[in-house]
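*Asks:* Would you mind keeping the following structure in view while I ask a few things?
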Amino acid sequence: MTPLAPISRRRRTVLGLSFFAVFFAAWSAATFGGFVPRTFLADPATMLKEGWLLFTQYGFANDVAITIWRVVGGFLLAAVLAVPLGIAMGAYKPVEAFFEPFVSFARYLPASAFIPLLILWAGIGETQKLMVIFIGSFFQIVLMVAVTVGATRRDLVEAAYTLGASASGVVRRVLLPSSAPSIAETLRLVLGWAWTYVIVAELIGASSGIGHMITDSQALLNTGQIIFGIIVIGVIGLLSDLLFKWGNHRLFPWSIA
């Protein structure tokens with residue numbers, strides 16, 4: 001292997017699938033071989049059986065749809081507000097000086113710590129869960145976008161000014177095209193964090209969603225359902241991640257990322 005040397009798409013796919021094969025083989029050996037009690041870790045067959053029951057008898061599809069709606073809703077709300085603010089902070093130093101101290105402070109506050117307050121303010125309905133995702137995503141996006149825009153190559157900015165571009169023209173014609181692929185990658189990363197926030201929100205004071213199902217399964221010591229719920233989250237996250245990557249390559253063909 002050579003550091004940073006690219007590999008073919010086929011080899012990348014084979015290596016990626018190989019890890020999952022090894023993981024499930026180790027899981028099967030540990031559970032079917034009796035090395036781990038099934039009370040603490042269900043075997044793959046039991047997990048699939050419980051997953052089938054969840055979808056056919058317990059309306060799990062509705063829980064999945066509700067969780068996806070919460071993630072998408074909270075994440076989009078955060079992105080729509082955070083990206084413009086991050087661009088302004090990265091492009092204009094006075095804006096950065098005004099907002100950056102508070103944003104840096106707020107991004108270290110765990111979103112889960114706001115759940116008791118949000119329940120008091122908004123109840124246990126959808127607003128509370130959307131706000132948990134919003135708080136967890138907004139400040140991260142703002143700062144990461146600001147850093148990305150602020151790191152634009154200075155020679156490109158100077159060249160634009162030399163060619164007669166105005167300040168707003170530099171933002172539109174240099175900063176945004178240069179930063180757009182990295183901003184899209186930032187949104188892809190934060191979307192993964194949003195899934196963590198929604199499950200935390202659903203573990204407390206929820207009557208639906210994947211997190212609610214996991215909590216109910218934990219009370220019944222049904223590790224098969226718990227594992228199935230976790231895997232469903234991972235599969236949805238992987239699909240959304242691949243969709244994001246595909247969209248980024250289509251929207252920003254000049255980027256090699």
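Residues in the structure tokens are named by chain (A, B, ... in the order shown) and by number from 1 within that chain; ligands are numbered from 1 in the order shown.
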If we count only C-alpha atoms, what is near range 119-128 of chain A at a cut-off of 9 Å, once residues fewer than 6 positions away on the same chain are taken out, given as a list in words?
*Replies:*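 Contacts, in chain order: Arg70, Ala201, Ile204, Gly205, Ala206 and Ser207 of chain A.
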*Asks:* Can you pull out every residue within 12 Å of Gly33 in chain A, counting only C-alpha atoms, but drop anything in the same chain fewer than 6 positions away, and send it as a PyMOL selection string?
*Replies:* chain A and resi 25-27+42-43
*Asks:* What's around Tyr161 in chain A at 12 Å? Count only C-alpha atoms, leave out sequence neighbours fewer than 5 positions away in its own chain, and write the answer as a ChimeraX atom specification.
*Replies:* /A:154-156,166-171,173-174
*Asks:* Output N, CA and C atoms for every residue in the selection just made, as a tab-separated table (two decimals), in the first residue's frame.
*Replies:*
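This is the output file part-v6.tsv:
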```
chain	number	residue	atom	x	y	z
A	154	ARG	N	-6.14	33.21	-0.96
A	154	ARG	CA	-6.06	34.67	-1.08
A	154	ARG	C	-5.68	35.11	-2.48
A	155	ASP	N	-4.93	34.28	-3.21
A	155	ASP	CA	-4.54	34.70	-4.56
A	155	ASP	C	-5.76	34.79	-5.48
A	156	LEU	N	-6.76	33.94	-5.24
A	156	LEU	CA	-7.98	34.02	-6.04
A	156	LEU	C	-8.75	35.31	-5.74
A	166	SER	N	-16.26	43.72	-7.46
A	166	SER	CA	-16.66	44.41	-6.24
A	166	SER	C	-16.61	43.44	-5.07
A	167	ALA	N	-16.84	43.97	-3.86
A	167	ALA	CA	-16.82	43.11	-2.67
A	167	ALA	C	-17.88	42.02	-2.76
A	168	SER	N	-19.10	42.40	-3.15
A	168	SER	CA	-20.16	41.40	-3.30
A	168	SER	C	-19.85	40.44	-4.44
A	169	GLY	N	-19.19	40.95	-5.49
A	169	GLY	CA	-18.81	40.09	-6.60
A	169	GLY	C	-17.79	39.04	-6.19
A	170	VAL	N	-16.87	39.41	-5.31
A	170	VAL	CA	-15.89	38.44	-4.81
A	170	VAL	C	-16.59	37.33	-4.04
A	171	VAL	N	-17.59	37.70	-3.25
A	171	VAL	CA	-18.33	36.68	-2.50
A	171	VAL	C	-19.06	35.75	-3.46
A	173	ARG	N	-18.60	35.27	-6.87
A	173	ARG	CA	-17.84	34.65	-7.96
A	173	ARG	C	-16.59	33.91	-7.50
A	174	VAL	N	-16.15	34.16	-6.27
A	174	VAL	CA	-14.91	33.50	-5.80
A	174	VAL	C	-15.16	32.68	-4.54
```
*Asks:* Can you tell me, as a PDB file with C-alpha atoms, in the first residue's frame, what residues are no more than 10 Å from Leu251 in chain A when counting only C-alpha atoms, ignoring any on the same chain fewer than 6 positions away?
*Replies:*
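Listing of around-v8.pdb after writing:
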```
ATOM      1  CA  ALA A 180     -19.369  25.209  -2.036  1.00  0.00           C
ATOM      2  CA  PRO A 181     -17.966  21.631  -2.263  1.00  0.00           C
ATOM      3  CA  ALA A 184     -21.667  20.436   1.084  1.00  0.00           C
ATOM      4  CA  LYS A 245     -21.844  12.169  -2.050  1.00  0.00           C
TER       5      LYS A 245
END
```
*Asks:* Please, which residues of range 9-249 of chain A, numbered as in this document, come out alpha helix (DSSP H) from DSSP, as a count of residues only?
*Replies:* 195
*Asks:* Could you please determine the separation between CA of Gly224 in chain A and CA of Val72 in chain A in Å, to one decimal place?
*Replies:*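 So the two atoms, CA of Gly224 in chain A and CA of Val72 in chain A, lie 27.0 Å apart.
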*Asks:* Looking at only C-alpha atoms, which of A:Ala45, A:Ala29, A:Ala65, A:Ala146 is the one that sits closest to Ile87 in chain A?
*Replies:*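 Among the listed residues, the smallest separation from Ile87 in chain A belongs to A:Ala146.
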*Asks:* Go through A:Phe139, A:Val232, A:Phe19, A:Leu41 one by one, measure the shortest atom-to-atom distance of each to Met213 in chain A using only C-alpha atoms, and give the residue with the smallest value.
*Replies:*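 Among the listed residues, the smallest separation from Met213 in chain A belongs to A:Val232.
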*Asks:* I want to know what sits within 8 Å of Thr39 in chain A, based on only C-alpha atoms, with residues of the same chain fewer than 6 positions away left out; could you give that as a count of residues only?
*Replies:* 3
*Asks:* Which residue gives the smallest distance to Phe138 in chain A among A:Trp52, A:Tyr197, A:Phe75, A:Tyr108, with only C-alpha atoms counted?
*Replies:*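 Looking only at the distances to Phe138 in chain A, the closest residue turns out to be A:Phe75.
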*Asks:* So which one's closest to Leu77 in chain A, A:Ile133, A:Val22, A:Ala61, A:Ile115? Using only C-alpha atoms, please.
*Replies:*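 The answer is A:Ile133, which sits nearest to Leu77 in chain A.
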*Asks:* Can you pull out every residue within 9 Å of Ile210 in chain A, counting only C-alpha atoms, but drop anything in the same chain fewer than 6 positions away, and send it as a list in words?
*Replies:*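 Contacts, in chain order: Phe60, Asp63, Val64, Ile66, Thr67, Ile199, Glu202, Leu203, Gly229, Ile230, Val232 and Ile233 of chain A.
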*Asks:* With N, CA and C atoms retained, could you export that selection as a PDB file, in the first residue's frame?
*Replies:*
```
ATOM      1  N   PHE A  60     -43.527  -0.704  12.693  1.00  0.00           N
ATOM      2  CA  PHE A  60     -42.213  -0.059  12.788  1.00  0.00           C
ATOM      3  C   PHE A  60     -41.952   0.877  11.618  1.00  0.00           C
ATOM      4  N   ASP A  63     -42.680   4.271  12.639  1.00  0.00           N
ATOM      5  CA  ASP A  63     -41.630   4.823  13.499  1.00  0.00           C
ATOM      6  C   ASP A  63     -40.443   5.303  12.673  1.00  0.00           C
ATOM      7  N   VAL A  64     -40.062   4.515  11.678  1.00  0.00           N
ATOM      8  CA  VAL A  64     -38.940   4.898  10.811  1.00  0.00           C
ATOM      9  C   VAL A  64     -39.262   6.187  10.068  1.00  0.00           C
ATOM     10  N   ILE A  66     -41.369   8.570  10.879  1.00  0.00           N
ATOM     11  CA  ILE A  66     -41.413   9.713  11.802  1.00  0.00           C
ATOM     12  C   ILE A  66     -40.003  10.170  12.152  1.00  0.00           C
ATOM     13  N   THR A  67     -39.108   9.224  12.412  1.00  0.00           N
ATOM     14  CA  THR A  67     -37.733   9.594  12.749  1.00  0.00           C
ATOM     15  C   THR A  67     -37.053  10.295  11.584  1.00  0.00           C
ATOM     16  N   ILE A 199     -32.174  10.437  18.048  1.00  0.00           N
ATOM     17  CA  ILE A 199     -32.361   9.239  18.876  1.00  0.00           C
ATOM     18  C   ILE A 199     -32.342   9.611  20.349  1.00  0.00           C
ATOM     19  N   GLU A 202     -35.637  11.049  21.177  1.00  0.00           N
ATOM     20  CA  GLU A 202     -36.717  10.060  21.202  1.00  0.00           C
ATOM     21  C   GLU A 202     -36.618   9.108  22.390  1.00  0.00           C
ATOM     22  N   LEU A 203     -35.468   9.056  23.008  1.00  0.00           N
ATOM     23  CA  LEU A 203     -35.332   8.194  24.183  1.00  0.00           C
ATOM     24  C   LEU A 203     -36.047   8.764  25.393  1.00  0.00           C
ATOM     25  N   GLY A 229     -33.064  -2.075  15.401  1.00  0.00           N
ATOM     26  CA  GLY A 229     -33.281  -0.632  15.314  1.00  0.00           C
ATOM     27  C   GLY A 229     -31.993   0.125  15.048  1.00  0.00           C
ATOM     28  N   ILE A 230     -30.908  -0.285  15.715  1.00  0.00           N
ATOM     29  CA  ILE A 230     -29.618   0.364  15.498  1.00  0.00           C
ATOM     30  C   ILE A 230     -29.149   0.161  14.057  1.00  0.00           C
ATOM     31  N   VAL A 232     -31.024  -0.408  11.435  1.00  0.00           N
ATOM     32  CA  VAL A 232     -31.869   0.390  10.535  1.00  0.00           C
ATOM     33  C   VAL A 232     -31.370   1.831  10.477  1.00  0.00           C
ATOM     34  N   ILE A 233     -31.002   2.384  11.621  1.00  0.00           N
ATOM     35  CA  ILE A 233     -30.450   3.736  11.642  1.00  0.00           C
ATOM     36  C   ILE A 233     -29.181   3.800  10.798  1.00  0.00           C
TER      37      ILE A 233
END
```
*Asks:* Would you list the contacts of Trp195 in chain A as an mmCIF file with N, CA and C atoms, in the first residue's frame, taking every protein, DNA or RNA residue within 8 Å and counting only C-alpha atoms, but skipping same-chain residues closer than 3 positions in sequence?
*Replies:*
```
data_model
loop_
_atom_site.group_PDB
_atom_site.id
_atom_site.type_symbol
_atom_site.label_atom_id
_atom_site.label_comp_id
_atom_site.auth_asym_id
_atom_site.auth_seq_id
_atom_site.Cartn_x
_atom_site.Cartn_y
_atom_site.Cartn_z
ATOM 1 N N VAL A 71 -35.450 14.116 11.586
ATOM 2 C CA VAL A 71 -34.065 14.413 11.212
ATOM 3 C C VAL A 71 -34.023 15.423 10.073
ATOM 4 N N LEU A 191 -25.170 15.987 9.099
ATOM 5 C CA LEU A 191 -26.377 15.165 8.995
ATOM 6 C C LEU A 191 -26.213 13.879 9.801
ATOM 7 N N GLY A 192 -25.005 13.309 9.796
ATOM 8 C CA GLY A 192 -24.755 12.127 10.612
ATOM 9 C C GLY A 192 -24.922 12.421 12.091
ATOM 10 N N VAL A 198 -31.455 12.986 17.242
ATOM 11 C CA VAL A 198 -32.870 12.601 17.211
ATOM 12 C C VAL A 198 -33.110 11.360 18.050
ATOM 13 N N ILE A 199 -32.174 10.437 18.048
ATOM 14 C CA ILE A 199 -32.361 9.239 18.876
ATOM 15 C C ILE A 199 -32.342 9.611 20.349
ATOM 16 N N ILE A 233 -31.002 2.384 11.621
ATOM 17 C CA ILE A 233 -30.450 3.736 11.642
ATOM 18 C C ILE A 233 -29.181 3.800 10.798
ATOM 19 N N GLY A 237 -28.663 5.980 7.441
ATOM 20 C CA GLY A 237 -27.568 6.945 7.422
ATOM 21 C C GLY A 237 -26.609 6.689 6.272
#
```
*Asks:* Of the residues A:Leu118, A:Ala160, A:Leu54, A:Ala194, which is the one nearest to Ala79 in chain A, using only C-alpha atoms?
*Replies:*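 Once distances to Ala79 in chain A are computed over only C-alpha atoms, the minimum belongs to A:Ala194.
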